[in-house]
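Here's the structure, in structure tokens; my notes come after.
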Amino acid sequence: MRKYLPKSTALTIIKLAILALCAVLTIGIRIYLVSFRILMIVLICLFWALGVLFGFIVLPSYFRRTVIYISDAEITIHTGIFFYKREFMKMSAVQYVTRISLPLSSFSGFNFILIRGLGGTIILPFLRTTDCDDITNLLHAKITER
């Protein structure tokens, strides 16, 4: 049984994107709502609170709790933010595999694998490039040996 974890660089990039989005929203609100001072302050505080909550509490807990196990018999992903969720699919049910890699994915960790099987789909998120290659080669070998 092999164990795979999400790449932490993806979390760092998402955090930086959230901070940049909050900064852009702050500048936009400051420019367009300068005459409504109370509304401007409330919206700026709301966006920054949501950005900090989402970027520094919710997403790190998601990355910490996500674990992917692949054995000869089944594929299992344990994940969740507030509730713990477990998805599994038998290797015999796998029909085809789709790999999604964004530009600079070897650095960023934005590699995803979609595994389609009899009536269901499992998404394996934020994988390292080597892990992604390993999983797709293993699944293609299992599919072609049938």
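Residues in the structure tokens are named by chain (A, B, ... in the order shown) and by number from 1 within that chain; ligands are numbered from 1 in the order shown.
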Give me, as CSV, the closest atom pair and its distance (Å, one decimal) for every residue of region 81-139 of chain A within a cut-off of 12 Å of region 59-64 of chain A, counting only C-alpha atoms, rows sorted by chain and rising number.
residue,atom,partner,partner_atom,distance
A:Ile81,CA,A:Tyr62,CA,5.0
A:Phe82,CA,A:Tyr62,CA,8.6
A:Phe83,CA,A:Tyr62,CA,10.1
A:Tyr84,CA,A:Tyr62,CA,9.7
A:Lys85,CA,A:Tyr62,CA,11.0
A:Pro125,CA,A:Phe63,CA,9.7
A:Phe126,CA,A:Phe63,CA,9.0
A:Leu127,CA,A:Phe63,CA,11.1
Taking the DSSP assignment computed from this structure's backbone, write out as a PDB file with N, CA and C atoms, in the first residue's frame all residues of chain A that belong to helix (DSSP H, G or I).
ATOM      1  N   SER A   8       2.844  20.709  -0.307  1.00  0.00           N
ATOM      2  CA  SER A   8       2.615  21.902   0.515  1.00  0.00           C
ATOM      3  C   SER A   8       2.879  23.202  -0.242  1.00  0.00           C
ATOM      4  N   THR A   9       3.592  23.147  -1.355  1.00  0.00           N
ATOM      5  CA  THR A   9       3.819  24.349  -2.149  1.00  0.00           C
ATOM      6  C   THR A   9       2.504  24.881  -2.707  1.00  0.00           C
ATOM      7  N   ALA A  10       1.574  24.002  -3.027  1.00  0.00           N
ATOM      8  CA  ALA A  10       0.266  24.430  -3.524  1.00  0.00           C
ATOM      9  C   ALA A  10      -0.460  25.257  -2.460  1.00  0.00           C
ATOM     10  N   LEU A  11      -0.355  24.846  -1.201  1.00  0.00           N
ATOM     11  CA  LEU A  11      -0.974  25.591  -0.108  1.00  0.00           C
ATOM     12  C   LEU A  11      -0.353  26.988   0.001  1.00  0.00           C
ATOM     13  N   THR A  12       0.953  27.073  -0.118  1.00  0.00           N
ATOM     14  CA  THR A  12       1.628  28.368  -0.035  1.00  0.00           C
ATOM     15  C   THR A  12       1.194  29.284  -1.172  1.00  0.00           C
ATOM     16  N   ILE A  13       1.073  28.751  -2.370  1.00  0.00           N
ATOM     17  CA  ILE A  13       0.646  29.557  -3.519  1.00  0.00           C
ATOM     18  C   ILE A  13      -0.789  30.032  -3.337  1.00  0.00           C
ATOM     19  N   ILE A  14      -1.656  29.170  -2.823  1.00  0.00           N
ATOM     20  CA  ILE A  14      -3.050  29.565  -2.586  1.00  0.00           C
ATOM     21  C   ILE A  14      -3.116  30.645  -1.513  1.00  0.00           C
ATOM     22  N   LYS A  15      -2.314  30.522  -0.457  1.00  0.00           N
ATOM     23  CA  LYS A  15      -2.281  31.557   0.588  1.00  0.00           C
ATOM     24  C   LYS A  15      -1.842  32.903   0.025  1.00  0.00           C
ATOM     25  N   LEU A  16      -0.796  32.890  -0.804  1.00  0.00           N
ATOM     26  CA  LEU A  16      -0.330  34.133  -1.414  1.00  0.00           C
ATOM     27  C   LEU A  16      -1.387  34.734  -2.337  1.00  0.00           C
ATOM     28  N   ALA A  17      -2.108  33.897  -3.056  1.00  0.00           N
ATOM     29  CA  ALA A  17      -3.181  34.387  -3.930  1.00  0.00           C
ATOM     30  C   ALA A  17      -4.313  35.010  -3.113  1.00  0.00           C
ATOM     31  N   ILE A  18      -4.627  34.414  -1.971  1.00  0.00           N
ATOM     32  CA  ILE A  18      -5.671  34.970  -1.107  1.00  0.00           C
ATOM     33  C   ILE A  18      -5.238  36.324  -0.554  1.00  0.00           C
ATOM     34  N   LEU A  19      -3.987  36.421  -0.122  1.00  0.00           N
ATOM     35  CA  LEU A  19      -3.491  37.709   0.378  1.00  0.00           C
ATOM     36  C   LEU A  19      -3.485  38.773  -0.718  1.00  0.00           C
ATOM     37  N   ALA A  20      -3.094  38.404  -1.936  1.00  0.00           N
ATOM     38  CA  ALA A  20      -3.107  39.356  -3.052  1.00  0.00           C
ATOM     39  C   ALA A  20      -4.539  39.789  -3.381  1.00  0.00           C
ATOM     40  N   LEU A  21      -5.468  38.844  -3.360  1.00  0.00           N
ATOM     41  CA  LEU A  21      -6.869  39.180  -3.619  1.00  0.00           C
ATOM     42  C   LEU A  21      -7.414  40.125  -2.553  1.00  0.00           C
ATOM     43  N   CYS A  22      -7.093  39.870  -1.302  1.00  0.00           N
ATOM     44  CA  CYS A  22      -7.542  40.763  -0.226  1.00  0.00           C
ATOM     45  C   CYS A  22      -6.941  42.158  -0.380  1.00  0.00           C
ATOM     46  N   ALA A  23      -5.673  42.244  -0.798  1.00  0.00           N
ATOM     47  CA  ALA A  23      -5.040  43.545  -1.006  1.00  0.00           C
ATOM     48  C   ALA A  23      -5.704  44.308  -2.157  1.00  0.00           C
ATOM     49  N   VAL A  24      -5.995  43.604  -3.250  1.00  0.00           N
ATOM     50  CA  VAL A  24      -6.660  44.243  -4.395  1.00  0.00           C
ATOM     51  C   VAL A  24      -8.066  44.702  -4.010  1.00  0.00           C
ATOM     52  N   LEU A  25      -8.794  43.877  -3.261  1.00  0.00           N
ATOM     53  CA  LEU A  25     -10.131  44.277  -2.805  1.00  0.00           C
ATOM     54  C   LEU A  25     -10.064  45.482  -1.873  1.00  0.00           C
ATOM     55  N   THR A  26      -9.064  45.516  -1.023  1.00  0.00           N
ATOM     56  CA  THR A  26      -8.897  46.655  -0.122  1.00  0.00           C
ATOM     57  C   THR A  26      -8.652  47.940  -0.914  1.00  0.00           C
ATOM     58  N   ILE A  27      -7.786  47.866  -1.908  1.00  0.00           N
ATOM     59  CA  ILE A  27      -7.515  49.046  -2.735  1.00  0.00           C
ATOM     60  C   ILE A  27      -8.766  49.474  -3.493  1.00  0.00           C
ATOM     61  N   GLY A  28      -9.490  48.506  -4.068  1.00  0.00           N
ATOM     62  CA  GLY A  28     -10.726  48.829  -4.798  1.00  0.00           C
ATOM     63  C   GLY A  28     -11.786  49.442  -3.910  1.00  0.00           C
ATOM     64  N   ILE A  29     -11.956  48.891  -2.732  1.00  0.00           N
ATOM     65  CA  ILE A  29     -12.945  49.431  -1.790  1.00  0.00           C
ATOM     66  C   ILE A  29     -12.524  50.824  -1.343  1.00  0.00           C
ATOM     67  N   ARG A  30     -11.240  51.006  -1.118  1.00  0.00           N
ATOM     68  CA  ARG A  30     -10.722  52.308  -0.674  1.00  0.00           C
ATOM     69  C   ARG A  30     -10.944  53.373  -1.745  1.00  0.00           C
ATOM     70  N   ILE A  31     -10.835  52.990  -3.008  1.00  0.00           N
ATOM     71  CA  ILE A  31     -11.015  53.952  -4.092  1.00  0.00           C
ATOM     72  C   ILE A  31     -12.489  54.293  -4.299  1.00  0.00           C
ATOM     73  N   TYR A  32     -13.349  53.270  -4.323  1.00  0.00           N
ATOM     74  CA  TYR A  32     -14.743  53.485  -4.709  1.00  0.00           C
ATOM     75  C   TYR A  32     -15.685  53.801  -3.551  1.00  0.00           C
ATOM     76  N   ARG A  37     -17.512  55.917   4.675  1.00  0.00           N
ATOM     77  CA  ARG A  37     -16.394  55.504   5.515  1.00  0.00           C
ATOM     78  C   ARG A  37     -16.710  54.265   6.357  1.00  0.00           C
ATOM     79  N   ILE A  38     -17.856  54.203   6.983  1.00  0.00           N
ATOM     80  CA  ILE A  38     -18.198  53.066   7.851  1.00  0.00           C
ATOM     81  C   ILE A  38     -18.351  51.793   7.025  1.00  0.00           C
ATOM     82  N   LEU A  39     -19.050  51.874   5.900  1.00  0.00           N
ATOM     83  CA  LEU A  39     -19.211  50.724   5.021  1.00  0.00           C
ATOM     84  C   LEU A  39     -17.853  50.252   4.493  1.00  0.00           C
ATOM     85  N   MET A  40     -16.990  51.200   4.164  1.00  0.00           N
ATOM     86  CA  MET A  40     -15.661  50.863   3.658  1.00  0.00           C
ATOM     87  C   MET A  40     -14.865  50.090   4.715  1.00  0.00           C
ATOM     88  N   ILE A  41     -14.867  50.547   5.937  1.00  0.00           N
ATOM     89  CA  ILE A  41     -14.118  49.883   7.013  1.00  0.00           C
ATOM     90  C   ILE A  41     -14.685  48.502   7.301  1.00  0.00           C
ATOM     91  N   VAL A  42     -15.996  48.400   7.312  1.00  0.00           N
ATOM     92  CA  VAL A  42     -16.636  47.103   7.577  1.00  0.00           C
ATOM     93  C   VAL A  42     -16.295  46.096   6.481  1.00  0.00           C
ATOM     94  N   LEU A  43     -16.369  46.506   5.220  1.00  0.00           N
ATOM     95  CA  LEU A  43     -16.061  45.597   4.122  1.00  0.00           C
ATOM     96  C   LEU A  43     -14.591  45.188   4.108  1.00  0.00           C
ATOM     97  N   ILE A  44     -13.703  46.120   4.374  1.00  0.00           N
ATOM     98  CA  ILE A  44     -12.278  45.783   4.418  1.00  0.00           C
ATOM     99  C   ILE A  44     -12.007  44.778   5.539  1.00  0.00           C
ATOM    100  N   CYS A  45     -12.563  45.010   6.708  1.00  0.00           N
ATOM    101  CA  CYS A  45     -12.380  44.073   7.828  1.00  0.00           C
ATOM    102  C   CYS A  45     -12.991  42.706   7.522  1.00  0.00           C
ATOM    103  N   LEU A  46     -14.145  42.703   6.862  1.00  0.00           N
ATOM    104  CA  LEU A  46     -14.805  41.448   6.510  1.00  0.00           C
ATOM    105  C   LEU A  46     -13.967  40.641   5.524  1.00  0.00           C
ATOM    106  N   PHE A  47     -13.454  41.287   4.478  1.00  0.00           N
ATOM    107  CA  PHE A  47     -12.640  40.569   3.492  1.00  0.00           C
ATOM    108  C   PHE A  47     -11.354  40.038   4.103  1.00  0.00           C
ATOM    109  N   TRP A  48     -10.692  40.824   4.942  1.00  0.00           N
ATOM    110  CA  TRP A  48      -9.453  40.353   5.560  1.00  0.00           C
ATOM    111  C   TRP A  48      -9.716  39.238   6.563  1.00  0.00           C
ATOM    112  N   ALA A  49     -10.816  39.326   7.296  1.00  0.00           N
ATOM    113  CA  ALA A  49     -11.149  38.250   8.243  1.00  0.00           C
ATOM    114  C   ALA A  49     -11.436  36.950   7.498  1.00  0.00           C
ATOM    115  N   LEU A  50     -12.192  37.030   6.405  1.00  0.00           N
ATOM    116  CA  LEU A  50     -12.461  35.834   5.604  1.00  0.00           C
ATOM    117  C   LEU A  50     -11.187  35.291   4.965  1.00  0.00           C
ATOM    118  N   GLY A  51     -10.318  36.179   4.490  1.00  0.00           N
ATOM    119  CA  GLY A  51      -9.066  35.745   3.889  1.00  0.00           C
ATOM    120  C   GLY A  51      -8.169  35.033   4.893  1.00  0.00           C
ATOM    121  N   VAL A  52      -8.053  35.586   6.093  1.00  0.00           N
ATOM    122  CA  VAL A  52      -7.231  34.951   7.124  1.00  0.00           C
ATOM    123  C   VAL A  52      -7.852  33.643   7.580  1.00  0.00           C
ATOM    124  N   LEU A  53      -9.164  33.626   7.774  1.00  0.00           N
ATOM    125  CA  LEU A  53      -9.848  32.403   8.197  1.00  0.00           C
ATOM    126  C   LEU A  53      -9.673  31.301   7.160  1.00  0.00           C
ATOM    127  N   PHE A  54      -9.924  31.634   5.904  1.00  0.00           N
ATOM    128  CA  PHE A  54      -9.847  30.630   4.857  1.00  0.00           C
ATOM    129  C   PHE A  54      -8.406  30.214   4.574  1.00  0.00           C
ATOM    130  N   GLY A  55      -7.491  31.195   4.478  1.00  0.00           N
ATOM    131  CA  GLY A  55      -6.125  30.919   4.086  1.00  0.00           C
ATOM    132  C   GLY A  55      -5.240  30.334   5.169  1.00  0.00           C
ATOM    133  N   PHE A  56      -5.528  30.629   6.420  1.00  0.00           N
ATOM    134  CA  PHE A  56      -4.618  30.209   7.478  1.00  0.00           C
ATOM    135  C   PHE A  56      -5.226  29.233   8.480  1.00  0.00           C
ATOM    136  N   ILE A  57      -6.511  28.936   8.341  1.00  0.00           N
ATOM    137  CA  ILE A  57      -7.134  27.954   9.241  1.00  0.00           C
ATOM    138  C   ILE A  57      -7.784  26.816   8.460  1.00  0.00           C
ATOM    139  N   VAL A  58      -8.667  27.148   7.525  1.00  0.00           N
ATOM    140  CA  VAL A  58      -9.441  26.132   6.817  1.00  0.00           C
ATOM    141  C   VAL A  58      -8.575  25.339   5.829  1.00  0.00           C
ATOM    142  N   LEU A  59      -7.861  26.014   4.947  1.00  0.00           N
ATOM    143  CA  LEU A  59      -7.046  25.309   3.950  1.00  0.00           C
ATOM    144  C   LEU A  59      -5.915  24.486   4.559  1.00  0.00           C
ATOM    145  N   PRO A  60      -5.165  24.992   5.543  1.00  0.00           N
ATOM    146  CA  PRO A  60      -4.140  24.124   6.138  1.00  0.00           C
ATOM    147  C   PRO A  60      -4.712  22.875   6.800  1.00  0.00           C
ATOM    148  N   SER A  61      -5.914  22.990   7.379  1.00  0.00           N
ATOM    149  CA  SER A  61      -6.513  21.778   7.960  1.00  0.00           C
ATOM    150  C   SER A  61      -6.919  20.795   6.870  1.00  0.00           C
ATOM    151  N   TYR A  62      -7.354  21.287   5.718  1.00  0.00           N
ATOM    152  CA  TYR A  62      -7.676  20.413   4.595  1.00  0.00           C
ATOM    153  C   TYR A  62      -6.423  19.684   4.106  1.00  0.00           C
ATOM    154  N   PHE A  63      -5.331  20.414   3.937  1.00  0.00           N
ATOM    155  CA  PHE A  63      -4.090  19.802   3.458  1.00  0.00           C
ATOM    156  C   PHE A  63      -3.534  18.817   4.483  1.00  0.00           C
ATOM    157  N   ARG A  64      -3.679  19.124   5.759  1.00  0.00           N
ATOM    158  CA  ARG A  64      -3.178  18.233   6.806  1.00  0.00           C
ATOM    159  C   ARG A  64      -3.968  16.933   6.869  1.00  0.00           C
ATOM    160  N   ARG A  65      -5.262  17.002   6.602  1.00  0.00           N
ATOM    161  CA  ARG A  65      -6.124  15.829   6.739  1.00  0.00           C
ATOM    162  C   ARG A  65      -6.242  14.998   5.469  1.00  0.00           C
ATOM    163  N   MET A  91      -9.909  -1.330  -7.605  1.00  0.00           N
ATOM    164  CA  MET A  91      -9.114  -1.275  -8.833  1.00  0.00           C
ATOM    165  C   MET A  91      -9.844  -1.923 -10.001  1.00  0.00           C
ATOM    166  N   SER A  92     -10.650  -2.912  -9.716  1.00  0.00           N
ATOM    167  CA  SER A  92     -11.382  -3.586 -10.781  1.00  0.00           C
ATOM    168  C   SER A  92     -12.473  -2.700 -11.384  1.00  0.00           C
ATOM    169  N   ALA A  93     -12.877  -1.648 -10.666  1.00  0.00           N
ATOM    170  CA  ALA A  93     -13.921  -0.752 -11.164  1.00  0.00           C
ATOM    171  C   ALA A  93     -13.375   0.404 -11.985  1.00  0.00           C
ATOM    172  N   SER A 105       3.538  22.952 -12.980  1.00  0.00           N
ATOM    173  CA  SER A 105       2.993  22.049 -11.972  1.00  0.00           C
ATOM    174  C   SER A 105       4.070  21.267 -11.232  1.00  0.00           C
ATOM    175  N   SER A 106       5.238  21.115 -11.827  1.00  0.00           N
ATOM    176  CA  SER A 106       6.311  20.427 -11.106  1.00  0.00           C
ATOM    177  C   SER A 106       6.785  21.261  -9.922  1.00  0.00           C
ATOM    178  N   PHE A 107       6.657  22.576 -10.032  1.00  0.00           N
ATOM    179  CA  PHE A 107       7.012  23.455  -8.920  1.00  0.00           C
ATOM    180  C   PHE A 107       5.830  23.686  -7.980  1.00  0.00           C
ATOM    181  N   SER A 108       4.662  23.943  -8.565  1.00  0.00           N
ATOM    182  CA  SER A 108       3.524  24.384  -7.761  1.00  0.00           C
ATOM    183  C   SER A 108       2.724  23.262  -7.108  1.00  0.00           C
ATOM    184  N   THR A 129       4.641  15.893  -8.948  1.00  0.00           N
ATOM    185  CA  THR A 129       4.741  15.388 -10.309  1.00  0.00           C
ATOM    186  C   THR A 129       5.165  13.919 -10.320  1.00  0.00           C
ATOM    187  N   THR A 130       6.106  13.564  -9.462  1.00  0.00           N
ATOM    188  CA  THR A 130       6.554  12.168  -9.421  1.00  0.00           C
ATOM    189  C   THR A 130       5.443  11.254  -8.914  1.00  0.00           C
ATOM    190  N   ASP A 131       4.686  11.712  -7.911  1.00  0.00           N
ATOM    191  CA  ASP A 131       3.560  10.924  -7.413  1.00  0.00           C
ATOM    192  C   ASP A 131       2.488  10.772  -8.483  1.00  0.00           C
ATOM    193  N   CYS A 132       2.246  11.838  -9.226  1.00  0.00           N
ATOM    194  CA  CYS A 132       1.242  11.815 -10.291  1.00  0.00           C
ATOM    195  C   CYS A 132       1.640  10.828 -11.383  1.00  0.00           C
ATOM    196  N   ASP A 133       2.909  10.850 -11.773  1.00  0.00           N
ATOM    197  CA  ASP A 133       3.394   9.898 -12.774  1.00  0.00           C
ATOM    198  C   ASP A 133       3.297   8.467 -12.260  1.00  0.00           C
ATOM    199  N   ASP A 134       3.666   8.271 -11.011  1.00  0.00           N
ATOM    200  CA  ASP A 134       3.622   6.945 -10.401  1.00  0.00           C
ATOM    201  C   ASP A 134       2.196   6.389 -10.369  1.00  0.00           C
ATOM    202  N   ILE A 135       1.256   7.225  -9.949  1.00  0.00           N
ATOM    203  CA  ILE A 135      -0.145   6.779  -9.850  1.00  0.00           C
ATOM    204  C   ILE A 135      -0.727   6.492 -11.232  1.00  0.00           C
ATOM    205  N   THR A 136      -0.508   7.388 -12.197  1.00  0.00           N
ATOM    206  CA  THR A 136      -1.074   7.149 -13.533  1.00  0.00           C
ATOM    207  C   THR A 136      -0.463   5.913 -14.188  1.00  0.00           C
ATOM    208  N   ASN A 137       0.849   5.704 -14.020  1.00  0.00           N
ATOM    209  CA  ASN A 137       1.469   4.498 -14.588  1.00  0.00           C
ATOM    210  C   ASN A 137       0.920   3.232 -13.935  1.00  0.00           C
ATOM    211  N   LEU A 138       0.741   3.271 -12.624  1.00  0.00           N
ATOM    212  CA  LEU A 138       0.182   2.115 -11.918  1.00  0.00           C
ATOM    213  C   LEU A 138      -1.244   1.821 -12.377  1.00  0.00           C
ATOM    214  N   LEU A 139      -2.058   2.863 -12.495  1.00  0.00           N
ATOM    215  CA  LEU A 139      -3.448   2.659 -12.904  1.00  0.00           C
ATOM    216  C   LEU A 139      -3.550   2.210 -14.360  1.00  0.00           C
ATOM    217  N   HIS A 140      -2.732   2.772 -15.228  1.00  0.00           N
ATOM    218  CA  HIS A 140      -2.751   2.326 -16.625  1.00  0.00           C
ATOM    219  C   HIS A 140      -2.305   0.867 -16.739  1.00  0.00           C
ATOM    220  N   ALA A 141      -1.334   0.469 -15.929  1.00  0.00           N
ATOM    221  CA  ALA A 141      -0.901  -0.927 -15.947  1.00  0.00           C
ATOM    222  C   ALA A 141      -2.008  -1.859 -15.464  1.00  0.00           C
ATOM    223  N   LYS A 142      -2.739  -1.428 -14.428  1.00  0.00           N
ATOM    224  CA  LYS A 142      -3.850  -2.243 -13.924  1.00  0.00           C
ATOM    225  C   LYS A 142      -4.983  -2.343 -14.934  1.00  0.00           C
ATOM    226  N   ILE A 143      -5.241  -1.246 -15.643  1.00  0.00           N
ATOM    227  CA  ILE A 143      -6.322  -1.254 -16.638  1.00  0.00           C
ATOM    228  C   ILE A 143      -5.956  -2.152 -17.821  1.00  0.00           C
ATOM    229  N   THR A 144      -4.713  -2.058 -18.289  1.00  0.00           N
ATOM    230  CA  THR A 144      -4.339  -2.829 -19.476  1.00  0.00           C
ATOM    231  C   THR A 144      -4.124  -4.314 -19.172  1.00  0.00           C
ATOM    232  N   GLU A 145      -3.884  -4.678 -17.930  1.00  0.00           N
ATOM    233  CA  GLU A 145      -3.706  -6.101 -17.629  1.00  0.00           C
ATOM    234  C   GLU A 145      -5.015  -6.876 -17.599  1.00  0.00           C
TER     235      GLU A 145
END
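Across the structure, CA of Val94 (chain A) and CA of Ile115 (chain A) are spaced 6.8 Å apart.
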(message) Which of chain A end up as strand (DSSP E or B) when DSSP is run on this backbone - answer as a VMD selection string?
(response) chain A and resid 2 to 4 67 to 70 74 to 79 85 to 90 94 to 101 111 to 117 120 to 124
Keeping only C-alpha atoms, write those residues as an mmCIF file, in the first residue's frame.
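Full text of part_36.cif as output:
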data_model
loop_
_atom_site.group_PDB
_atom_site.id
_atom_site.type_symbol
_atom_site.label_atom_id
_atom_site.label_comp_id
_atom_site.auth_asym_id
_atom_site.auth_seq_id
_atom_site.Cartn_x
_atom_site.Cartn_y
_atom_site.Cartn_z
ATOM 1 C CA ARG A 2 1.384 3.374 -1.037
ATOM 2 C CA LYS A 3 0.653 6.610 0.802
ATOM 3 C CA TYR A 4 0.552 9.996 -0.938
ATOM 4 C CA VAL A 67 -4.155 11.367 2.608
ATOM 5 C CA ILE A 68 -4.307 9.098 -0.457
ATOM 6 C CA TYR A 69 -3.722 5.350 -0.201
ATOM 7 C CA ILE A 70 -3.307 3.145 -3.274
ATOM 8 C CA GLU A 74 -8.357 -0.292 -4.047
ATOM 9 C CA ILE A 75 -7.821 3.468 -4.120
ATOM 10 C CA THR A 76 -8.745 5.369 -0.962
ATOM 11 C CA ILE A 77 -8.719 9.088 -0.200
ATOM 12 C CA HIS A 78 -9.254 10.440 3.309
ATOM 13 C CA THR A 79 -10.058 14.141 3.353
ATOM 14 C CA LYS A 85 -14.742 11.937 4.477
ATOM 15 C CA ARG A 86 -13.433 8.677 3.055
ATOM 16 C CA GLU A 87 -13.851 7.715 -0.591
ATOM 17 C CA PHE A 88 -12.705 4.470 -2.094
ATOM 18 C CA MET A 89 -12.844 2.658 -5.393
ATOM 19 C CA LYS A 90 -11.801 -0.860 -6.233
ATOM 20 C CA VAL A 94 -11.468 1.751 -12.681
ATOM 21 C CA GLN A 95 -12.354 2.472 -16.300
ATOM 22 C CA TYR A 96 -10.082 5.348 -17.236
ATOM 23 C CA VAL A 97 -7.762 7.937 -15.733
ATOM 24 C CA THR A 98 -7.399 11.632 -16.563
ATOM 25 C CA ARG A 99 -4.430 13.696 -15.453
ATOM 26 C CA ILE A 100 -4.721 17.466 -15.145
ATOM 27 C CA SER A 101 -1.474 19.415 -14.806
ATOM 28 C CA ASN A 111 -1.466 18.175 -10.463
ATOM 29 C CA PHE A 112 -4.798 16.392 -10.250
ATOM 30 C CA ILE A 113 -5.871 12.896 -11.223
ATOM 31 C CA LEU A 114 -9.487 12.061 -12.045
ATOM 32 C CA ILE A 115 -10.238 8.360 -11.756
ATOM 33 C CA ARG A 116 -13.482 7.337 -13.425
ATOM 34 C CA GLY A 117 -15.100 4.066 -12.570
ATOM 35 C CA GLY A 120 -18.288 7.363 -9.804
ATOM 36 C CA THR A 121 -15.279 9.641 -9.903
ATOM 37 C CA ILE A 122 -12.449 10.156 -7.450
ATOM 38 C CA ILE A 123 -10.308 13.282 -7.628
ATOM 39 C CA LEU A 124 -6.785 13.049 -6.248
#
(request) Considering only C-alpha atoms, state which residue in the set A:Asp72, A:Leu102, A:Thr66, A:Gly119 is at the smallest distance from Pro6 (chain A). (result) A:Thr66
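Distance annotation: of A:Gly109, A:Ala73, A:Leu5, A:Pro103, the residue with the minimal separation from Arg128 (chain A) is A:Gly109; atom set is only C-alpha atoms.
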